[in-house]
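Q: Take this structure first; my questions come after.
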Amino acid sequence: MAAEKKVGQTNILSIDIGGTSIKTVLLDEDGNMLSEYMKSKTPAGATPKDIVTGIQDLIKPIPQTYNRVSIGFPGYVKNGIVKTAPNLAKNKWADVDLAQRVANALNQPVRLVNDADQQGLGVVEGKGFEIVFTVGTGFGTALLFDGELLPHLELAHFPINKEEDYDDYIGNKAYEEIGSDRWNKRLKKIVEIYKTVFNYDTLYIGGGNSKHIDFKLDSNIKLVTNRDGIKGGAKLWKLADKYNIFTVNPIV
């Protein structure tokens with residue numbers, strides 16, 4: 001159990017929606033965990049209704065001492081509206097007002113961003129050009145400069161060969177099909193591409209399959225966990241509304 005801390009009505013409920021699982025934890029304004037880190041399985045082919053219901057069920061044990069909700073979502077999000085969700089239900093997510101639906105269901109203001117963006121806020125040091133990518137169900141990316149979240153780019157959908165984009169090439173389906181050795185070779189190739197294209201100061205690699213990495217990483221590459229990344233839900237509420245940061249209030 002996380003260390004007990006004084007709680008008030010200024011806490012943040014942080015939620016991380018993934019293609020495999022939904023995670024949540026209660027945070028204070030500085031990102032300290034005030035509850036257990038909990039998760040439940042994301043339903044196969046999850047629809048918007050499945051996700052909202054899944055969130056409501058998962059957070060039942062969380063004390064209602066929060067007045068804001070942060071959500072990381074596995075797809076492209078703009079102004080609280082989901083544009084893509086490649087690893088959830090097909091043809092069910094285009095232009096879905098997920099932030100509004102969750103705000104209404106929980107009766108709290110919501111900020112909804114890409115899941116890698118939220119994780120990036122939770123793990124970066126805020127020095128120079130930092131990139132986060134996640135290797136889980138799919139391939140997620142976030143770009144930050146001096147700790148400032150840059151507009152989200154769906155780099156996962158750049159083609160890496162004639163048949164595949166990054167999601168296809170390094171996602172969990174590929175891992176299961178080709179095995180650990182070949183998957184690691186692919187990941188090394190992606191890291192080399194990122195070094196050449198972005199010339200980043202620091203690269204952070206997270207996501208469920210990061211535990212399978214078996215090659216030596218450069219000194220400016222760091223492994224991070226979903227547990228670290230979900231703390232970005234607190235940092236999200238310290239940002240001004242701009243780019244893709246957009247506050248959605250409940251409609252009573």
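Residue numbering restarts at 1 in every chain; chains get A, B, ... in the order shown in the structure tokens, and ligands count up from 1 in that same order.
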Per DSSP on the backbone, what are the strand (DSSP E) residues of segment 168-217 of chain A, as a PyMOL selection string?
A: chain A and resi 202-206
Q: Do a neighbour search on His212 of chain A at 12 Å with only C-alpha atoms, toss out local chain neighbours closer than 4 positions, and write the hits as an MDAnalysis selection string.
A: chainID A and resid 135:136 172 175:176 179:185 187 205:208 223
Q: Name all residues at most 8 Å from Leu153 of chain A (count only C-alpha atoms; drop same-chain ones fewer than 2 positions away) and give them as a PyMOL selection string.
A: chain A and resi 141-142+151+155
Q: Please report the interatomic distance between atom CA of Lys41 of chain A and atom CA of Asp16 of chain A in Å with one decimal.
A: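 Taking atom CA of Lys41 of chain A as the start and atom CA of Asp16 of chain A as the end point, the length is 11.8 Å.
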Q: For Lys60 of chain A, which residue out of A:Leu26, A:Asp214, A:Tyr169, A:Val132 is the nearest one, using only C-alpha atoms?
A: A:Leu26
Q: Which of these, A:Thr137, A:Asn32, A:Thr20, A:Asn114, has the shortest distance to Ile51 of chain A once you count only C-alpha atoms?
A: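 That would be A:Thr20, the residue with the smallest distance to Ile51 of chain A.
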Q: I'd like the neighbourhood of Asp57 of chain A as an mmCIF file with N, CA, C and O atoms, in the first residue's frame, where a residue qualifies if any of its atoms comes within 12 Å (using only C-alpha atoms), though same-chain residues fewer than 3 positions away should be ignored.
A:
data_model
loop_
_atom_site.group_PDB
_atom_site.id
_atom_site.type_symbol
_atom_site.label_atom_id
_atom_site.label_comp_id
_atom_site.auth_asym_id
_atom_site.auth_seq_id
_atom_site.Cartn_x
_atom_site.Cartn_y
_atom_site.Cartn_z
ATOM 1 N N ILE A 22 -6.564 -1.283 -18.276
ATOM 2 C CA ILE A 22 -6.875 0.056 -17.798
ATOM 3 C C ILE A 22 -6.266 0.181 -16.414
ATOM 4 O O ILE A 22 -6.472 -0.701 -15.561
ATOM 5 N N LYS A 23 -5.490 1.237 -16.184
ATOM 6 C CA LYS A 23 -4.835 1.440 -14.903
ATOM 7 C C LYS A 23 -5.333 2.731 -14.259
ATOM 8 O O LYS A 23 -5.720 3.657 -14.964
ATOM 9 N N THR A 24 -5.292 2.774 -12.928
ATOM 10 C CA THR A 24 -5.688 4.007 -12.242
ATOM 11 C C THR A 24 -4.984 4.125 -10.900
ATOM 12 O O THR A 24 -4.583 3.122 -10.294
ATOM 13 N N MET A 38 -3.993 0.351 -9.395
ATOM 14 C CA MET A 38 -4.892 -0.750 -9.730
ATOM 15 C C MET A 38 -5.067 -0.857 -11.235
ATOM 16 O O MET A 38 -4.954 0.139 -11.955
ATOM 17 N N LYS A 39 -5.362 -2.053 -11.691
ATOM 18 C CA LYS A 39 -5.627 -2.227 -13.119
ATOM 19 C C LYS A 39 -6.618 -3.350 -13.352
ATOM 20 O O LYS A 39 -6.799 -4.237 -12.506
ATOM 21 N N SER A 40 -7.265 -3.281 -14.495
ATOM 22 C CA SER A 40 -8.198 -4.321 -14.920
ATOM 23 C C SER A 40 -8.017 -4.533 -16.415
ATOM 24 O O SER A 40 -7.476 -3.677 -17.121
ATOM 25 N N LYS A 41 -8.453 -5.659 -16.896
ATOM 26 C CA LYS A 41 -8.264 -6.012 -18.299
ATOM 27 C C LYS A 41 -9.160 -5.155 -19.192
ATOM 28 O O LYS A 41 -10.341 -4.958 -18.904
ATOM 29 N N THR A 42 -8.579 -4.631 -20.258
ATOM 30 C CA THR A 42 -9.370 -3.934 -21.265
ATOM 31 C C THR A 42 -10.144 -4.975 -22.070
ATOM 32 O O THR A 42 -9.547 -5.922 -22.581
ATOM 33 N N ASP A 50 -17.754 0.420 -23.287
ATOM 34 C CA ASP A 50 -16.948 -0.525 -22.508
ATOM 35 C C ASP A 50 -15.902 0.212 -21.677
ATOM 36 O O ASP A 50 -15.667 -0.127 -20.507
ATOM 37 N N ILE A 51 -15.266 1.202 -22.277
ATOM 38 C CA ILE A 51 -14.204 1.927 -21.580
ATOM 39 C C ILE A 51 -14.769 2.744 -20.426
ATOM 40 O O ILE A 51 -14.224 2.737 -19.316
ATOM 41 N N VAL A 52 -15.860 3.456 -20.645
ATOM 42 C CA VAL A 52 -16.451 4.259 -19.564
ATOM 43 C C VAL A 52 -16.899 3.351 -18.425
ATOM 44 O O VAL A 52 -16.635 3.633 -17.247
ATOM 45 N N THR A 53 -17.557 2.236 -18.754
ATOM 46 C CA THR A 53 -17.986 1.290 -17.721
ATOM 47 C C THR A 53 -16.781 0.697 -16.999
ATOM 48 O O THR A 53 -16.790 0.540 -15.767
ATOM 49 N N GLY A 54 -15.730 0.371 -17.762
ATOM 50 C CA GLY A 54 -14.525 -0.190 -17.163
ATOM 51 C C GLY A 54 -13.880 0.777 -16.178
ATOM 52 O O GLY A 54 -13.410 0.374 -15.107
ATOM 53 N N LYS A 60 -13.986 2.179 -8.204
ATOM 54 C CA LYS A 60 -14.883 2.080 -7.042
ATOM 55 C C LYS A 60 -14.148 2.106 -5.699
ATOM 56 O O LYS A 60 -14.621 2.728 -4.748
ATOM 57 N N PRO A 61 -12.979 1.436 -5.562
ATOM 58 C CA PRO A 61 -12.288 1.488 -4.261
ATOM 59 C C PRO A 61 -11.556 2.801 -3.993
ATOM 60 O O PRO A 61 -11.090 3.025 -2.870
ATOM 61 N N ILE A 62 -11.437 3.670 -4.986
ATOM 62 C CA ILE A 62 -10.690 4.922 -4.822
ATOM 63 C C ILE A 62 -11.511 5.913 -4.009
ATOM 64 O O ILE A 62 -12.668 6.170 -4.327
ATOM 65 N N ALA A 105 -19.926 11.062 -16.404
ATOM 66 C CA ALA A 105 -20.081 9.858 -15.584
ATOM 67 C C ALA A 105 -19.517 10.051 -14.182
ATOM 68 O O ALA A 105 -20.081 9.551 -13.194
ATOM 69 N N LEU A 106 -18.406 10.788 -14.071
ATOM 70 C CA LEU A 106 -17.747 10.974 -12.772
ATOM 71 C C LEU A 106 -18.068 12.327 -12.137
ATOM 72 O O LEU A 106 -17.675 12.576 -10.996
#
Q: Would you work out the distance separating atom CA of Val124 of chain A from atom CA of Arg111 of chain A, expressed in Å to one decimal?
A: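 Separation between atom CA of Val124 of chain A and atom CA of Arg111 of chain A: 19.5 Å.
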Q: Given only C-alpha atoms as the basis, pick out the residue of A:Ile190, A:Val252, A:Ile131, A:Ile230 nearest to Asn107 of chain A.
A: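 Among the listed residues, the smallest separation from Asn107 of chain A belongs to A:Val252.
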Q: Select, from A:Ala156, A:Val191, A:Leu121, A:Ala234, the residue with the minimum atom-to-atom distance to Leu217 of chain A, counting only C-alpha atoms.
A: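 Residue with the minimum atom-to-atom distance to Leu217 of chain A: A:Val191.
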Q: So that I can check the secondary structure, give me every residue of segment 45-115 of chain A assigned alpha helix (DSSP H) by backbone DSSP, as a PyMOL selection string.
A: chain A and resi 48-58+98-106+115
Q: Quick one: everything within 10 Å of Pro159 of chain A, counting only C-alpha atoms, minus sequence neighbours fewer than 5 positions away in the same chain. Send it as a list in words.
A: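 The residues that qualify are Glu164, Asp165, Tyr166, Asp167, Asp168 and Tyr169 of chain A.
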